[in-house]
Amino acid sequence: MQGEGTRGNVYKDLLIWKKSLEIIKSVYVLAEQLPKTEDYNLKQQLKRAVVSVALNIAEGKNRRTVKDFINFLNISSSSLAETEAILSICEELEIIEVPESLYEAIEELSKMINSLISSLKGKTK
C-alpha cells in the first residue's frame, strides 16, 4: 500500500486512527447527500470537522511529549463533538437522515479517545 514503510507513522497503528477513518468515510457519503445550497456551508464545515479528528490524532502521536499528544487528542475529541453537532443540525433541518450506527460509532470513538487521554495522564504523574 502506498505510503507505508519505515517512515515511522506510528499513528496508523492506533485503533482510534482506524476508527476515525471509518467515520470519515461514512460522513463523506452523508455529506454528498446535502443539498447544493450547503456546498459552502454545512457540507464543508462537516468535512473539515471530521477530517480534523484524524489529523489531530496523527499530529499528536508524532509529537515529542505525552503532554502534547494529550493536547491534540483533546482537539480531536472537540472536532468529533463538532462533527456530531453538525450532523444533528442537519437532521433538525431535515436535510439528511443520519443512521444511528454513525452516532454510535462517534460515541464509541469519543469514549476511546477519552480513555486514552486518561491513560496518558496517568503516565505523566
# chains A, B, ... in the order shown; residues from 1 in each chain; ligands from 1
>>> residues_around(residues="range 98-114 of chain A", least_positions_apart="2", cutoff="9 Å", atoms="only C-alpha atoms", output="list in words")
Leu15, Ile16, Lys19, Ser20, Glu22, Ile23, Ser26, Val27, Leu30, Leu73, Asn74, Ser76, Ser77, Leu80, Ala81, Thr83, Glu84, Leu87, Ser88, Cys90, Glu91, Ile96, Leu116, Ile117, Ser118 and Ser119 of chain A
>>> closest_residue(among="A:Leu120, A:Ala85, A:Ala31, A:Ala54", to="Val66 in chain A", atoms="only C-alpha atoms")
A:Leu120
>>> select_by_dssp(residues="range 80-113 of chain A", states="helix (DSSP H, G or I)", output="PyMOL selection string")
chain A and resi 80-92+100-113
>>> write_last_selection(atoms="C-alpha atoms", output="compact mmCIF listing (two decimals), in the first residue's frame")
# COMPACT_ATOMS: atom_id res chain seq x y z
CA LEU A 80 -15.57 14.81 16.90
CA ALA A 81 -18.15 16.64 19.02
CA GLU A 82 -18.37 19.31 16.31
CA THR A 83 -18.96 16.60 13.70
CA GLU A 84 -21.78 15.12 15.77
CA ALA A 85 -23.31 18.57 16.33
CA ILE A 86 -23.30 19.35 12.60
CA LEU A 87 -24.95 16.01 11.85
CA SER A 88 -27.61 16.77 14.47
CA ILE A 89 -28.19 20.22 12.95
CA CYS A 90 -28.61 18.66 9.51
CA GLU A 91 -31.18 16.28 10.93
CA GLU A 92 -33.01 19.11 12.70
CA GLU A 100 -28.00 5.62 14.33
CA SER A 101 -24.95 3.44 13.66
CA LEU A 102 -22.94 6.57 12.80
CA TYR A 103 -23.91 8.26 16.06
CA GLU A 104 -22.93 5.05 17.86
CA ALA A 105 -19.55 4.95 16.09
CA ILE A 106 -18.94 8.58 17.07
CA GLU A 107 -19.84 7.84 20.69
CA GLU A 108 -17.55 4.79 20.71
CA LEU A 109 -14.63 6.78 19.28
CA SER A 110 -15.25 9.58 21.78
CA LYS A 111 -15.04 7.11 24.66
CA MET A 112 -11.87 5.59 23.20
CA ILE A 113 -10.18 8.97 22.86
>>> closest_residue(among="A:Lys61, A:Lys43, A:Glu32, A:Ile70", to="Ser115 in chain A", atoms="only C-alpha atoms")
A:Ile70
>>> atom_distance(atom1="CA of Leu21 in chain A", atom2="CA of Glu94 in chain A")
25.8 Å
>>> atom_distance(atom1="CA of Tyr40 in chain A", atom2="CA of Lys18 in chain A")
27.7 Å
